[in-house]
Amino acid sequence: MIRYVIRRLLSTVVVMGVVAFAVFSLLYLTPGDPAAVIAGDIATDEDIRRIRESLGLDEPFLVRFGQWVWGLLHGDLGTSIFTNLPVAHLIGQRVEPTLSLTLCTLVVAIVVAVPLGVVAAAKAGRWIDRAVMAFSVLGFSVPVFVIAYGLILTMSVQFDLLPVQGYRNFGDGVWEWLRHLILPSISLGTVYVALIARMTRASMLDVLAQDYIRTAEAKGLAPNQVLIAHALKNAAIPVVTTIGVGVALLISGAIVTETVFALPGIGRLTVDAILRRDYPIIQGVILIFSAVYVLVNLAVDLSYVLFDPRVRY
């Protein structure tokens, strides 16, 4: 397994290199000039030229890319064009809201979705199965921002139960921290719950049709013991894979959710950077998100050993 982990980590370096080149190339070719945005509407061509020179935007593509990669190798993600602050510092200030939102969504989604999928598979063809499938289709079809605005309208505007926007640090109190995360987590987690519940049901149905499940039932084992100890354990690998792949949904959905609920997280930072053409921030955020996604999928692959001893690396 150690060799496998080393190979995967080395391949991660290659993947991140490709991602870095692709991101830098796309942003280089994207229309829009940060110097013109900084200079303002009344700036002259000479003003824009001086700003471009001061920011190094007039350098050739390969020179700028080489300088950026050299900085990455030394732990430097660059400096924001607008705030003149290190990108790593700006991202570090926004980590807690995004991490809190992602973890809360992940925990809620798994706790809700897996039991829903198991119950739907155990009651296949009955009303509860149809209800879970209908929820899965609806939840996966409705955009995150529509769910978010619906929750704001009902839970915040009409009933005034939860705050509309904003964030409280964990140090300000657990309840205040949770109150500001409930609506965003539900909004972001609905799509995730639908995806995991659907996959759990499909995987469970496949396992429940196996001969060893019928043997366990014939031996007189309790239905719950058959479902949990035998069926769910053997159906776990596709479910865990879906959870890992679904991290991409969380990353993309977090950007929309943080914008709707005005959470000061990395997603909101990304949106502001895109609107201002702040290339260093965009590049740094994409690299970090890509690294997180790759590492999560590595952890998912390694977790297969826990669910199926036959898996070897």
# chains A, B, ... in the order shown; residues from 1 in each chain; ligands from 1
>>> select_by_dssp(residues="range 262-299 of chain A", states="alpha helix (DSSP H)", output="count of residues only")
31
>>> residues_around(residues="Leu227 in chain A", least_positions_apart="4", cutoff="8 Å", atoms="only C-alpha atoms", output="short mmCIF file (atom, residue, chain, number, x, y, z; two decimals) with N, CA and C atoms, in the first residue's frame")
data_model
loop_
_atom_site.label_atom_id
_atom_site.label_comp_id
_atom_site.auth_asym_id
_atom_site.auth_seq_id
_atom_site.Cartn_x
_atom_site.Cartn_y
_atom_site.Cartn_z
N VAL A 118 -30.90 3.11 2.15
CA VAL A 118 -31.08 1.75 2.71
C VAL A 118 -32.56 1.42 2.87
N ALA A 122 -34.71 -1.47 0.98
CA ALA A 122 -35.40 -2.50 1.76
C ALA A 122 -36.89 -2.52 1.46
N PRO A 223 -33.81 -8.86 10.29
CA PRO A 223 -33.73 -8.05 9.06
C PRO A 223 -32.75 -6.89 9.16
N ALA A 231 -25.53 -6.44 4.04
CA ALA A 231 -25.81 -5.73 2.78
C ALA A 231 -25.08 -4.39 2.68
N LEU A 232 -25.24 -3.55 3.71
CA LEU A 232 -24.68 -2.21 3.62
C LEU A 232 -23.15 -2.23 3.55
#
>>> closest_residue(among="A:Ile2, A:Ala134, A:Ile147, A:Ala262", to="Arg312 in chain A", atoms="only C-alpha atoms")
A:Ile2
>>> residues_around(residues="range 192-194 of chain A", least_positions_apart="6", cutoff="8 Å", atoms="only C-alpha atoms", output="ChimeraX atom specification")
/A:109-110,112-113,135-137,139-140,246,249-250
>>> write_last_selection(atoms="C-alpha atoms", output="PDB file, in the first residue's frame")
ATOM      1  CA  ALA A 109     -25.731  14.621   3.768  1.00  0.00           C
ATOM      2  CA  ILE A 110     -24.208  11.306   4.802  1.00  0.00           C
ATOM      3  CA  VAL A 112     -29.540  11.649   5.967  1.00  0.00           C
ATOM      4  CA  ALA A 113     -28.790  10.098   2.570  1.00  0.00           C
ATOM      5  CA  PHE A 135     -36.898  13.416  -3.837  1.00  0.00           C
ATOM      6  CA  SER A 136     -33.655  12.265  -5.470  1.00  0.00           C
ATOM      7  CA  VAL A 137     -34.775  13.333  -8.923  1.00  0.00           C
ATOM      8  CA  GLY A 139     -33.199  17.409  -5.417  1.00  0.00           C
ATOM      9  CA  PHE A 140     -30.671  16.726  -8.165  1.00  0.00           C
ATOM     10  CA  GLY A 246     -19.509  14.463  -4.948  1.00  0.00           C
ATOM     11  CA  LEU A 249     -20.392  19.285  -6.222  1.00  0.00           C
ATOM     12  CA  LEU A 250     -19.602  20.715  -2.807  1.00  0.00           C
TER      13      LEU A 250
END
>>> closest_atom_pairs(of="range 204-281 of chain A", to="range 71-79 of chain A", cutoff="10 Å", atoms="only C-alpha atoms", output="Markdown table")
| residue | atom | partner | partner_atom | distance |
| --- | --- | --- | --- | --- |
| A:Asp278 | CA | A:Thr79 | CA | 9.4 |
| A:Tyr279 | CA | A:Thr79 | CA | 9.4 |
| A:Pro280 | CA | A:Gly78 | CA | 5.7 |
| A:Ile281 | CA | A:Thr79 | CA | 7.7 |
>>> residues_around(residues="Gly244 in chain A", least_positions_apart="6", cutoff="12 Å", atoms="only C-alpha atoms", output="PyMOL selection string")
chain A and resi 106+110+192+195-196+237-238+250-251+292-304
>>> write_last_selection(atoms="C-alpha atoms", output="PDB file, in the first residue's frame")
ATOM      1  CA  LEU A 106     -20.948  16.533   4.309  1.00  0.00           C
ATOM      2  CA  ILE A 110     -24.208  11.306   4.802  1.00  0.00           C
ATOM      3  CA  TYR A 192     -25.576  15.848  -2.345  1.00  0.00           C
ATOM      4  CA  LEU A 195     -26.978  11.819  -5.244  1.00  0.00           C
ATOM      5  CA  ILE A 196     -25.855   9.659  -2.311  1.00  0.00           C
ATOM      6  CA  ILE A 237     -17.674   0.886  -1.982  1.00  0.00           C
ATOM      7  CA  PRO A 238     -19.910   2.477  -4.668  1.00  0.00           C
ATOM      8  CA  LEU A 250     -19.602  20.715  -2.807  1.00  0.00           C
ATOM      9  CA  ILE A 251     -16.762  22.829  -4.187  1.00  0.00           C
ATOM     10  CA  VAL A 292      -8.211  18.992  -2.132  1.00  0.00           C
ATOM     11  CA  TYR A 293     -10.249  17.079  -4.716  1.00  0.00           C
ATOM     12  CA  VAL A 294      -7.305  14.867  -5.682  1.00  0.00           C
ATOM     13  CA  LEU A 295      -6.407  14.116  -2.053  1.00  0.00           C
ATOM     14  CA  VAL A 296     -10.022  13.325  -1.146  1.00  0.00           C
ATOM     15  CA  ASN A 297     -10.214  10.820  -3.989  1.00  0.00           C
ATOM     16  CA  LEU A 298      -6.942   9.262  -2.805  1.00  0.00           C
ATOM     17  CA  ALA A 299      -8.426   8.894   0.682  1.00  0.00           C
ATOM     18  CA  VAL A 300     -11.541   7.312  -0.854  1.00  0.00           C
ATOM     19  CA  ASP A 301      -9.445   4.789  -2.764  1.00  0.00           C
ATOM     20  CA  LEU A 302      -7.532   3.863   0.388  1.00  0.00           C
ATOM     21  CA  SER A 303     -10.762   3.444   2.342  1.00  0.00           C
ATOM     22  CA  TYR A 304     -11.799   0.555   0.082  1.00  0.00           C
TER      23      TYR A 304
END
>>> residues_around(residues="Arg168 in chain A", least_positions_apart="4", cutoff="12 Å", atoms="only C-alpha atoms", output="list in words")
Glu96, Pro97, Ser100, Leu101, Pro163, Asp172, Gly173, Val174, Trp175, Glu176, Trp177, Leu178, Arg179, His180, Leu181, Ala262, Leu263, Pro264 and Gly265 of chain A
>>> residues_around(residues="Ala216 in chain A", least_positions_apart="6", cutoff="12 Å", atoms="only C-alpha atoms", output="number ranges by chain")
A: 208-210, 222-227, 229-231
>>> closest_residue(among="A:Thr44, A:Val191, A:Arg94, A:Leu269", to="Val247 in chain A", atoms="only C-alpha atoms")
A:Val191
>>> atom_distance(atom1="CA of Glu46 in chain A", atom2="CA of Leu26 in chain A")
26.5 Å
>>> decode(residues="range 39-94 of chain A", atoms="C-alpha atoms", output="tab-separated table (two decimals), in the first residue's frame")
chain	number	residue	atom	x	y	z
A	39	ALA	CA	-6.96	52.50	-13.72
A	40	GLY	CA	-10.66	53.34	-13.96
A	41	ASP	CA	-12.84	54.71	-16.72
A	42	ILE	CA	-11.06	58.04	-17.11
A	43	ALA	CA	-7.54	56.62	-17.35
A	44	THR	CA	-5.43	57.21	-20.42
A	45	ASP	CA	-3.58	54.55	-22.41
A	46	GLU	CA	-0.36	55.72	-20.81
A	47	ASP	CA	-1.80	55.20	-17.33
A	48	ILE	CA	-2.88	51.68	-18.23
A	49	ARG	CA	0.55	50.95	-19.73
A	50	ARG	CA	2.34	52.05	-16.55
A	51	ILE	CA	0.08	49.88	-14.41
A	52	ARG	CA	0.66	46.88	-16.66
A	53	GLU	CA	4.42	47.38	-16.38
A	54	SER	CA	4.29	47.72	-12.58
A	55	LEU	CA	2.27	44.50	-12.30
A	56	GLY	CA	4.41	42.61	-14.81
A	57	LEU	CA	1.43	42.05	-17.10
A	58	ASP	CA	3.46	43.13	-20.12
A	59	GLU	CA	5.85	40.17	-19.78
A	60	PRO	CA	5.62	37.25	-22.26
A	61	PHE	CA	3.45	34.29	-21.34
A	62	LEU	CA	6.28	31.83	-20.62
A	63	VAL	CA	8.14	34.37	-18.48
A	64	ARG	CA	5.06	35.07	-16.35
A	65	PHE	CA	4.28	31.37	-16.07
A	66	GLY	CA	7.85	30.55	-15.06
A	67	GLN	CA	7.84	33.25	-12.40
A	68	TRP	CA	4.53	32.00	-11.04
A	69	VAL	CA	5.69	28.35	-10.89
A	70	TRP	CA	8.94	29.40	-9.22
A	71	GLY	CA	6.92	31.17	-6.58
A	72	LEU	CA	4.70	28.11	-6.09
A	73	LEU	CA	7.74	25.94	-5.51
A	74	HIS	CA	8.68	28.30	-2.67
A	75	GLY	CA	5.17	28.31	-1.19
A	76	ASP	CA	4.20	31.63	-2.70
A	77	LEU	CA	0.79	31.72	-4.38
A	78	GLY	CA	1.39	35.25	-5.57
A	79	THR	CA	0.14	38.67	-4.59
A	80	SER	CA	-3.34	40.06	-5.16
A	81	ILE	CA	-3.41	42.70	-7.89
A	82	PHE	CA	-5.97	44.85	-6.08
A	83	THR	CA	-5.21	44.47	-2.38
A	84	ASN	CA	-1.45	43.93	-2.78
A	85	LEU	CA	-1.67	41.23	-0.10
A	86	PRO	CA	-0.33	37.67	-0.39
A	87	VAL	CA	-2.88	35.29	-1.90
A	88	ALA	CA	-2.10	32.67	0.75
A	89	HIS	CA	-2.97	35.21	3.46
A	90	LEU	CA	-6.27	36.14	1.78
A	91	ILE	CA	-7.24	32.49	1.36
A	92	GLY	CA	-6.25	31.72	4.95
A	93	GLN	CA	-8.65	34.41	6.18
A	94	ARG	CA	-11.52	32.72	4.31
